[in-house]
$ cat structure.txt   # compact mmCIF, C-alpha atoms and all ligand atoms
# COMPACT_ATOMS: atom_id res chain seq x y z
CA MET M 7 -96.14 -44.61 -23.73
CA ILE M 8 -93.98 -45.79 -20.80
CA PRO M 9 -93.07 -42.96 -18.40
CA ASP M 10 -89.35 -42.11 -18.11
CA ARG M 11 -89.08 -43.28 -14.51
CA ALA M 12 -90.56 -46.68 -15.35
CA GLN M 13 -88.26 -46.97 -18.37
CA ASN M 14 -85.24 -46.20 -16.20
CA GLN M 15 -86.36 -48.71 -13.60
CA LEU M 16 -86.87 -51.32 -16.29
CA SER M 17 -83.47 -50.80 -17.88
CA ASP M 18 -81.97 -50.93 -14.38
CA TRP M 19 -83.55 -54.34 -13.78
CA LEU M 20 -82.45 -55.60 -17.19
CA GLU M 21 -78.89 -54.54 -16.48
CA GLN M 22 -79.05 -56.25 -13.09
CA LEU M 23 -80.39 -59.38 -14.76
CA ARG M 24 -77.65 -59.33 -17.40
CA TRP M 25 -74.89 -59.22 -14.77
CA TYR M 26 -76.69 -61.83 -12.71
CA LEU M 27 -77.00 -64.16 -15.70
CA TRP M 28 -73.31 -63.76 -16.40
CA GLY M 29 -72.71 -64.86 -12.84
CA CYS M 30 -75.06 -67.82 -13.26
CA ARG M 31 -73.48 -68.90 -16.52
CA GLU M 32 -70.00 -68.83 -15.03
CA GLY M 33 -71.15 -70.37 -11.77
CA GLY M 34 -73.14 -73.11 -13.51
CA LEU M 35 -76.57 -71.99 -12.26
CA ARG M 36 -75.93 -73.63 -8.91
CA ASP M 37 -77.40 -71.06 -6.58
CA TRP M 38 -79.35 -67.88 -6.57
CA GLN M 39 -76.10 -66.12 -5.76
CA PRO M 40 -73.53 -68.14 -7.67
CA TYR M 41 -70.41 -67.01 -5.86
CA ALA M 42 -71.79 -66.41 -2.39
CA ALA M 43 -70.81 -69.85 -1.09
CA LYS M 44 -67.51 -68.78 0.46
CA PRO M 45 -67.32 -66.03 3.07
CA VAL M 46 -65.46 -63.02 1.77
CA GLU M 47 -64.75 -61.62 5.23
CA LYS M 48 -61.23 -62.41 6.28
CA THR M 49 -60.70 -61.33 9.86
CA GLN M 50 -61.82 -61.91 13.41
CA SER M 51 -63.75 -59.11 15.08
CA SER M 52 -60.68 -57.82 17.00
CA ASP M 53 -58.80 -57.35 13.69
CA SER M 54 -61.81 -55.62 12.30
CA ALA M 55 -61.96 -53.32 15.35
CA SER M 56 -58.34 -52.35 14.87
CA ALA M 57 -58.93 -51.77 11.15
CA MET M 58 -61.85 -49.53 12.11
CA GLU M 59 -59.68 -47.64 14.57
CA LYS M 60 -56.98 -47.13 11.96
CA LEU M 61 -59.52 -45.99 9.42
CA SER M 62 -61.10 -43.54 11.80
CA ARG M 63 -57.65 -42.11 12.65
CA ILE M 64 -57.04 -41.55 8.93
CA GLY M 65 -60.50 -40.00 8.68
CA VAL M 66 -59.65 -37.59 11.50
CA GLU M 67 -56.44 -36.55 9.72
CA LEU M 68 -58.39 -35.89 6.55
CA HIS M 69 -61.05 -33.84 8.32
CA GLU M 70 -61.34 -30.44 6.62
CA CYS M 71 -58.29 -31.31 4.50
CA THR M 72 -56.83 -28.42 2.48
CA ARG M 73 -53.68 -30.21 1.30
CA CYS M 74 -54.50 -29.75 -2.41
CA GLY M 75 -56.65 -27.45 -4.53
CA LEU M 76 -59.54 -29.93 -4.81
CA HIS M 77 -60.84 -28.90 -1.39
CA ARG M 78 -61.98 -25.56 -2.84
CA GLY M 79 -64.79 -27.10 -4.88
CA ARG M 80 -65.95 -29.82 -2.53
CA ALA M 81 -69.21 -30.05 -0.64
CA ASN M 82 -68.14 -33.22 1.17
CA LEU M 83 -64.96 -35.21 1.44
CA VAL M 84 -65.64 -38.80 0.35
CA PHE M 85 -63.55 -41.03 2.57
CA GLY M 86 -64.84 -44.49 1.62
CA GLU M 87 -67.28 -46.96 3.12
CA GLY M 88 -68.06 -50.61 3.62
CA SER M 89 -66.92 -53.48 5.77
CA ALA M 90 -63.62 -53.07 7.62
CA GLN M 91 -63.55 -56.86 7.73
CA SER M 92 -63.89 -57.24 4.01
CA GLY M 93 -61.42 -59.24 1.99
CA LEU M 94 -62.23 -57.18 -1.09
CA VAL M 95 -61.61 -53.48 -1.68
CA PHE M 96 -62.69 -51.57 -4.79
CA VAL M 97 -60.71 -48.43 -5.58
CA GLY M 98 -62.12 -45.79 -7.93
CA GLU M 99 -60.73 -42.52 -9.22
CA GLY M 100 -62.48 -39.80 -7.27
CA PRO M 101 -65.93 -38.56 -6.30
CA GLY M 102 -68.37 -37.24 -8.91
CA ALA M 103 -71.25 -34.83 -8.33
CA ASP M 104 -73.54 -37.29 -6.50
CA GLU M 105 -70.71 -38.57 -4.32
CA ASP M 106 -69.66 -35.01 -3.47
CA ARG M 107 -73.23 -34.12 -2.52
CA LEU M 108 -73.74 -37.19 -0.33
CA GLY M 109 -70.20 -37.79 0.96
CA ARG M 110 -70.36 -41.43 -0.15
CA PRO M 111 -68.41 -43.25 -2.89
CA PHE M 112 -70.05 -44.62 -6.04
CA VAL M 113 -73.63 -43.55 -5.46
CA GLY M 114 -74.33 -42.10 -8.93
CA ARG M 115 -74.91 -43.89 -12.25
CA ALA M 116 -71.48 -45.53 -12.24
CA GLY M 117 -72.13 -46.58 -8.65
CA LYS M 118 -75.36 -48.30 -9.65
CA LEU M 119 -73.45 -50.32 -12.21
CA LEU M 120 -70.79 -51.13 -9.63
CA ASP M 121 -73.56 -52.39 -7.30
CA LYS M 122 -74.67 -54.76 -10.08
CA MET M 123 -71.14 -55.97 -10.67
CA ILE M 124 -70.77 -56.63 -6.94
CA PHE M 125 -74.13 -58.41 -6.88
CA ALA M 126 -73.06 -60.56 -9.85
CA ILE M 127 -70.19 -61.95 -7.78
CA GLY M 128 -72.61 -62.84 -5.01
CA LEU M 129 -71.85 -59.93 -2.68
CA ASP M 130 -73.29 -56.57 -1.80
CA ARG M 131 -71.89 -53.20 -0.80
CA SER M 132 -72.05 -53.96 2.91
CA ARG M 133 -69.61 -56.87 2.45
CA VAL M 134 -66.92 -55.03 0.50
CA TYR M 135 -65.06 -51.75 1.00
CA ILE M 136 -65.24 -48.99 -1.60
CA CYS M 137 -62.99 -45.93 -1.79
CA ASN M 138 -61.18 -43.65 -4.22
CA VAL M 139 -57.71 -42.37 -5.00
CA VAL M 140 -58.68 -38.73 -4.38
CA LYS M 141 -61.21 -37.92 -1.71
CA CYS M 142 -62.54 -34.65 -3.13
CA ARG M 143 -64.36 -34.11 -6.41
CA PRO M 144 -62.22 -32.85 -9.29
CA PRO M 145 -63.94 -29.92 -11.09
CA GLU M 146 -66.18 -31.07 -13.98
CA ASN M 147 -65.20 -34.65 -13.06
CA ARG M 148 -61.85 -34.26 -14.74
CA THR M 149 -59.09 -36.79 -14.12
CA PRO M 150 -57.16 -35.93 -10.94
CA GLN M 151 -53.88 -34.16 -11.67
CA ALA M 152 -50.55 -35.68 -10.73
CA ASP M 153 -50.05 -33.38 -7.71
CA GLU M 154 -53.58 -34.10 -6.43
CA THR M 155 -53.02 -37.83 -6.74
CA ALA M 156 -49.61 -37.56 -5.10
CA THR M 157 -51.13 -35.65 -2.17
CA CYS M 158 -54.09 -37.96 -1.61
CA ALA M 159 -52.74 -41.41 -2.55
CA PRO M 160 -50.79 -41.86 0.72
CA PHE M 161 -54.14 -41.77 2.55
CA LEU M 162 -55.52 -44.41 0.19
CA PHE M 163 -52.43 -46.52 0.82
CA ARG M 164 -52.95 -46.20 4.58
CA GLN M 165 -56.60 -47.23 4.17
CA LEU M 166 -55.50 -50.31 2.24
CA GLU M 167 -52.88 -51.15 4.82
CA ALA M 168 -55.47 -50.84 7.59
CA LEU M 169 -57.95 -53.03 5.71
CA ALA M 170 -55.34 -55.57 4.55
CA PRO M 171 -57.78 -57.16 2.08
CA LYS M 172 -57.27 -60.45 0.26
CA VAL M 173 -57.81 -58.72 -3.07
CA ILE M 174 -57.84 -55.15 -4.37
CA CYS M 175 -59.81 -54.33 -7.49
CA ALA M 176 -58.76 -51.10 -9.22
CA LEU M 177 -61.61 -49.50 -11.18
CA GLY M 178 -60.16 -47.70 -14.15
CA LEU M 179 -56.91 -46.18 -15.22
CA SER M 180 -56.40 -43.58 -12.47
CA ALA M 181 -56.77 -46.13 -9.69
CA ALA M 182 -54.61 -48.72 -11.46
CA GLN M 183 -51.86 -46.22 -12.21
CA ALA M 184 -51.91 -44.68 -8.73
CA LEU M 185 -51.64 -48.09 -7.08
CA LEU M 186 -48.93 -49.36 -9.37
CA GLY M 187 -47.02 -46.11 -9.82
CA THR M 188 -47.05 -46.60 -13.56
CA THR M 189 -48.19 -44.79 -16.70
CA GLU M 190 -49.09 -47.99 -18.59
CA PRO M 191 -52.52 -47.96 -20.29
CA ILE M 192 -55.36 -49.93 -18.73
CA SER M 193 -55.32 -52.37 -21.67
CA ARG M 194 -51.85 -53.48 -20.49
CA LEU M 195 -52.80 -53.60 -16.81
CA ARG M 196 -56.04 -55.59 -16.93
CA GLY M 197 -56.42 -59.29 -17.70
CA LYS M 198 -53.75 -60.39 -15.20
CA VAL M 199 -53.14 -60.47 -11.47
CA LEU M 200 -50.73 -57.77 -10.29
CA SER M 201 -49.69 -56.92 -6.78
CA TRP M 202 -49.93 -53.92 -4.48
CA ARG M 203 -47.45 -54.33 -1.59
CA GLY M 204 -47.96 -58.10 -1.73
CA ILE M 205 -51.77 -57.98 -2.02
CA PRO M 206 -53.22 -59.37 -5.29
CA LEU M 207 -54.45 -56.52 -7.46
CA VAL M 208 -56.90 -56.91 -10.33
CA CYS M 209 -57.37 -53.91 -12.61
CA THR M 210 -60.54 -53.53 -14.60
CA TYR M 211 -62.51 -50.92 -16.50
CA HIS M 212 -64.18 -48.11 -14.59
CA PRO M 213 -67.99 -48.53 -14.41
CA ALA M 214 -68.40 -45.04 -15.94
CA TYR M 215 -66.39 -46.25 -18.94
CA LEU M 216 -68.51 -49.42 -19.10
CA LEU M 217 -71.63 -47.24 -19.27
CA ARG M 218 -70.15 -45.52 -22.32
CA SER M 219 -68.67 -48.69 -23.84
CA PRO M 220 -71.02 -51.57 -22.94
CA GLN M 221 -69.16 -53.86 -25.35
CA GLN M 222 -66.35 -53.99 -22.75
CA LYS M 223 -68.60 -55.48 -20.05
CA ALA M 224 -67.65 -59.03 -21.04
CA ALA M 225 -63.98 -58.17 -20.43
CA ALA M 226 -64.89 -56.62 -17.07
CA TRP M 227 -66.73 -59.79 -16.18
CA GLN M 228 -63.57 -61.80 -16.90
CA ASP M 229 -61.73 -59.52 -14.44
CA LEU M 230 -64.41 -60.06 -11.81
CA LYS M 231 -64.06 -63.80 -12.25
CA GLU M 232 -60.39 -63.42 -11.41
CA VAL M 233 -61.38 -61.50 -8.26
CA ILE M 234 -63.68 -64.35 -7.28
CA ARG M 235 -60.97 -66.90 -7.89
CA LEU M 236 -58.56 -64.98 -5.67
CA LEU M 237 -61.14 -64.65 -2.90
N1 LIG J 301 -66.33 -42.51 -9.91
C1 LIG J 301 -65.31 -42.81 -9.06
O1 LIG J 301 -64.20 -43.08 -9.49
N2 LIG J 301 -65.56 -42.80 -7.78
C2 LIG J 301 -66.76 -42.53 -7.28
O2 LIG J 301 -66.90 -42.55 -6.06
C3 LIG J 301 -67.80 -42.24 -8.18
C4 LIG J 301 -67.57 -42.24 -9.48

$ encode --input "structure.txt" --output "structure tokens" --more "lines below"
Ligand code: URA
Amino acid sequence: MIPDRAQNQLSDWLEQLRWYLWGCREGGLRDWQPYAAKPVEKTQSSDSASAMEKLSRIGVELHECTRCGLHRGRANLVFGEGSAQSGLVFVGEGPGADEDRLGRPFVGRAGKLLDKMIFAIGLDRSRVYICNVVKCRPPENRTPQADETATCAPFLFRQLEALAPKVICALGLSAAQALLGTTEPISRLRGKVLSWRGIPLVCTYHPAYLLRSPQQKAAAWQDLKEVIRLL
């Protein structure tokens, strides 16, 4: 009998291996990290310092935010994290329970899958930036309501303007719709390169959805390949 923790660890490794092998297959088994050859960072350190300054100004404005009802249930506001120099930003929907507890984006089960997806393209969390449309956890992890998105999205937009990445990757419907100001379904938004204020935008499935619908991982991998191509 294999203990639960060992089983979890094992399935974690297998998942990691699956994403890695996808990367190898697409990259032609050239390197240990198939897509790591090109630097993803886009700016000089002075640009990165000014991006940091802008981000910290936005962070100060959001401190103890009570602009919408979501603040009532939050333990921590989840601003976003990663490299201010990064050419790649992932945008999710909003914090879940683990994120709310730790004040960091994508640290729960969906976050673990996102880590693997990032690893499969030859990067790691420290080399990308990860944030969400809404910064406080919606109750019971429900989809953010229109007024909550409308209140919080301007801060996301300012984060993206400060970061000025080469590519934005929207994770799931809420992020894609908030960035594009549309109500189109994700099936119509993924599989092509769109644009957010002139920055290439790739929409893909949310990792939480991929955990529930693993058969869609191949499609998500196609989207990640597009991200790599754009980088
Ligand atoms: N889901 C999201 O959309 N964002 C997170 O930070 C975690 C889970």

$ atom_distance --input "structure.txt" --atom1 "CA of Trp202 in chain M" --atom2 "atom C3 of ligand LIG 301 (chain J)"
21.7 Å

$ residues_around --input "structure.txt" --residues "Thr149 in chain M" --least-positions-apart "6" --cutoff "9 Å" --atoms "all atoms listed in the file" --output "list in words"
Glu99, Gly100 and Ser180 of chain M

$ closest_atom_pairs --input "structure.txt" --of "chain M" --to "ligand LIG 301 (chain J)" --cutoff "10 Å" --atoms "only C-alpha atoms and all ligand atoms" --output "Markdown table"
| residue | atom | partner | partner_atom | distance |
| --- | --- | --- | --- | --- |
| M:Val84 | CA | J:LIG301 | O2 | 7.5 |
| M:Phe85 | CA | J:LIG301 | O2 | 9.4 |
| M:Gly86 | CA | J:LIG301 | O2 | 8.2 |
| M:Phe96 | CA | J:LIG301 | N2 | 9.7 |
| M:Val97 | CA | J:LIG301 | O1 | 7.5 |
| M:Gly98 | CA | J:LIG301 | O1 | 3.8 |
| M:Glu99 | CA | J:LIG301 | O1 | 3.5 |
| M:Gly100 | CA | J:LIG301 | O1 | 4.3 |
| M:Pro101 | CA | J:LIG301 | O2 | 4.1 |
| M:Gly102 | CA | J:LIG301 | C3 | 5.1 |
| M:Ala103 | CA | J:LIG301 | C3 | 8.2 |
| M:Asp104 | CA | J:LIG301 | C3 | 7.8 |
| M:Glu105 | CA | J:LIG301 | O2 | 5.8 |
| M:Asp106 | CA | J:LIG301 | O2 | 8.4 |
| M:Gly109 | CA | J:LIG301 | O2 | 9.1 |
| M:Arg110 | CA | J:LIG301 | O2 | 6.9 |
| M:Pro111 | CA | J:LIG301 | O2 | 3.6 |
| M:Phe112 | CA | J:LIG301 | O2 | 3.8 |
| M:Val113 | CA | J:LIG301 | C3 | 6.6 |
| M:Gly114 | CA | J:LIG301 | C3 | 6.6 |
| M:Arg115 | CA | J:LIG301 | C4 | 8.0 |
| M:Ala116 | CA | J:LIG301 | C4 | 5.8 |
| M:Gly117 | CA | J:LIG301 | C3 | 6.1 |
| M:Lys118 | CA | J:LIG301 | C3 | 9.8 |
| M:Leu120 | CA | J:LIG301 | C4 | 9.5 |
| M:Ile136 | CA | J:LIG301 | O2 | 8.0 |
| M:Cys137 | CA | J:LIG301 | O2 | 6.7 |
| M:Asn138 | CA | J:LIG301 | N2 | 5.7 |
| M:Val139 | CA | J:LIG301 | O1 | 7.9 |
| M:Val140 | CA | J:LIG301 | N2 | 8.7 |
| M:Lys141 | CA | J:LIG301 | O2 | 8.5 |
| M:Cys142 | CA | J:LIG301 | O2 | 9.5 |
| M:Arg143 | CA | J:LIG301 | C2 | 8.8 |
| M:Asn147 | CA | J:LIG301 | N1 | 8.5 |
| M:Thr149 | CA | J:LIG301 | O1 | 9.3 |
| M:Ala176 | CA | J:LIG301 | O1 | 9.7 |
| M:Leu177 | CA | J:LIG301 | O1 | 7.1 |
| M:Gly178 | CA | J:LIG301 | O1 | 7.7 |
| M:Leu179 | CA | J:LIG301 | O1 | 9.8 |
| M:Ser180 | CA | J:LIG301 | O1 | 8.4 |
| M:Ala181 | CA | J:LIG301 | O1 | 8.0 |
| M:His212 | CA | J:LIG301 | O1 | 7.2 |
| M:Pro213 | CA | J:LIG301 | N1 | 7.7 |
| M:Ala214 | CA | J:LIG301 | N1 | 6.9 |
| M:Tyr215 | CA | J:LIG301 | N1 | 9.8 |

$ atom_distance --input "structure.txt" --atom1 "CA of Gly204 in chain M" --atom2 "CA of Ser89 in chain M"
20.9 Å

$ atom_distance --input "structure.txt" --atom1 "CA of Val95 in chain M" --atom2 "CA of Ile174 in chain M"
4.9 Å

$ residues_near_point --input "structure.txt" --point "(-51.5, -59.3, -4.6)" --cutoff "10 Å" --atoms "only C-alpha atoms" --output "list in words"
Pro171, Lys172, Val173, Ile174, Val199, Leu200, Ser201, Trp202, Arg203, Gly204, Ile205, Pro206, Leu207, Val208 and Leu236 of chain M

$ residues_around --input "structure.txt" --residues "Leu23 in chain M" --least-positions-apart "4" --cutoff "9 Å" --atoms "all atoms listed in the file" --output "list in words"
Asp18, Trp19, Leu27, Trp28, Lys122 and Ala126 of chain M

$ residues_near_point --input "structure.txt" --point "(-60.4, -51.4, 7.2)" --cutoff "6 Å" --atoms "all atoms listed in the file" --output "NGL selection string"
:M and (57-58 or 61 or 90 or 168-169)

$ closest_residue --input "structure.txt" --among "M:Pro9, M:Met123, M:Pro144, M:Ser56" --to "Gly75 in chain M" --atoms "all atoms listed in the file"
M:Pro144

$ axis_aligned_box --input "structure.txt" --around "range 141-155 of chain M" --padding-each-side "5 Å" --output "JSON"
{"center_x": -58.1, "center_y": -33.9, "center_z": -8.2, "size_x": 26.1, "size_y": 18.0, "size_z": 23.0}

$ residues_around --input "structure.txt" --residues "Pro145 in chain M" --least-positions-apart "6" --cutoff "9 Å" --atoms "only C-alpha atoms" --output "VMD selection string"
chain M and resid 76 79 to 80 102

$ closest_residue --input "structure.txt" --among "M:Leu119, M:Arg164, M:Leu83, M:Glu146" --to "Gln22 in chain M" --atoms "all atoms listed in the file"
M:Leu119

$ closest_residue --input "structure.txt" --among "M:Ile64, M:Cys71, M:Ala152, M:Leu16" --to "Gln165 in chain M" --atoms "all atoms listed in the file"
M:Ile64

$ closest_residue --input "structure.txt" --among "M:Arg218, M:Thr155, M:Arg24, M:Leu237" --to "Gly187 in chain M" --atoms "all atoms listed in the file"
M:Thr155

$ closest_residue --input "structure.txt" --among "M:Gly65, M:Arg107, M:Thr189, M:Lys231" --to "Asn82 in chain M" --atoms "only C-alpha atoms"
M:Arg107

$ residues_around --input "structure.txt" --residues "Val134 in chain M" --least-positions-apart "5" --cutoff "9 Å" --atoms "only C-alpha atoms" --output "PyMOL selection string"
chain M and resi 46-47+87-96+124+129

$ closest_residue --input "structure.txt" --among "M:Leu162, M:Val66, M:Ala156, M:Leu195" --to "Ala182 in chain M" --atoms "all atoms listed in the file"
M:Leu195

$ build_atoms --input "structure.txt" --residues "range 136-147 of chain M" --atoms "N, CA and C atoms" --output "mmCIF file, keeping the file's coordinate frame"
data_model
loop_
_atom_site.group_PDB
_atom_site.id
_atom_site.type_symbol
_atom_site.label_atom_id
_atom_site.label_comp_id
_atom_site.auth_asym_id
_atom_site.auth_seq_id
_atom_site.Cartn_x
_atom_site.Cartn_y
_atom_site.Cartn_z
ATOM 1 N N ILE M 136 -65.344 -49.773 -0.370
ATOM 2 C CA ILE M 136 -65.240 -48.990 -1.600
ATOM 3 C C ILE M 136 -64.628 -47.621 -1.274
ATOM 4 N N CYS M 137 -63.589 -47.255 -2.003
ATOM 5 C CA CYS M 137 -62.990 -45.930 -1.790
ATOM 6 C C CYS M 137 -62.378 -45.428 -3.087
ATOM 7 N N ASN M 138 -61.723 -44.294 -3.023
ATOM 8 C CA ASN M 138 -61.180 -43.650 -4.220
ATOM 9 C C ASN M 138 -59.746 -43.209 -3.993
ATOM 10 N N VAL M 139 -59.075 -42.901 -5.112
ATOM 11 C CA VAL M 139 -57.710 -42.370 -5.000
ATOM 12 C C VAL M 139 -57.755 -40.967 -4.403
ATOM 13 N N VAL M 140 -58.552 -40.074 -4.985
ATOM 14 C CA VAL M 140 -58.680 -38.730 -4.380
ATOM 15 C C VAL M 140 -60.032 -38.638 -3.681
ATOM 16 N N LYS M 141 -60.027 -37.918 -2.587
ATOM 17 C CA LYS M 141 -61.210 -37.920 -1.710
ATOM 18 C C LYS M 141 -62.138 -36.728 -1.980
ATOM 19 N N CYS M 142 -61.689 -35.797 -2.821
ATOM 20 C CA CYS M 142 -62.540 -34.650 -3.130
ATOM 21 C C CYS M 142 -62.788 -34.605 -4.630
ATOM 22 N N ARG M 143 -63.947 -34.082 -5.001
ATOM 23 C CA ARG M 143 -64.360 -34.110 -6.410
ATOM 24 C C ARG M 143 -63.498 -33.193 -7.281
ATOM 25 N N PRO M 144 -62.887 -33.728 -8.333
ATOM 26 C CA PRO M 144 -62.220 -32.850 -9.290
ATOM 27 C C PRO M 144 -63.256 -32.037 -10.069
ATOM 28 N N PRO M 145 -62.964 -30.752 -10.371
ATOM 29 C CA PRO M 145 -63.940 -29.920 -11.090
ATOM 30 C C PRO M 145 -64.342 -30.571 -12.413
ATOM 31 N N GLU M 146 -65.623 -30.499 -12.726
ATOM 32 C CA GLU M 146 -66.180 -31.070 -13.980
ATOM 33 C C GLU M 146 -65.819 -32.548 -14.135
ATOM 34 N N ASN M 147 -65.565 -33.219 -13.035
ATOM 35 C CA ASN M 147 -65.200 -34.650 -13.060
ATOM 36 C C ASN M 147 -63.970 -34.944 -13.899
#
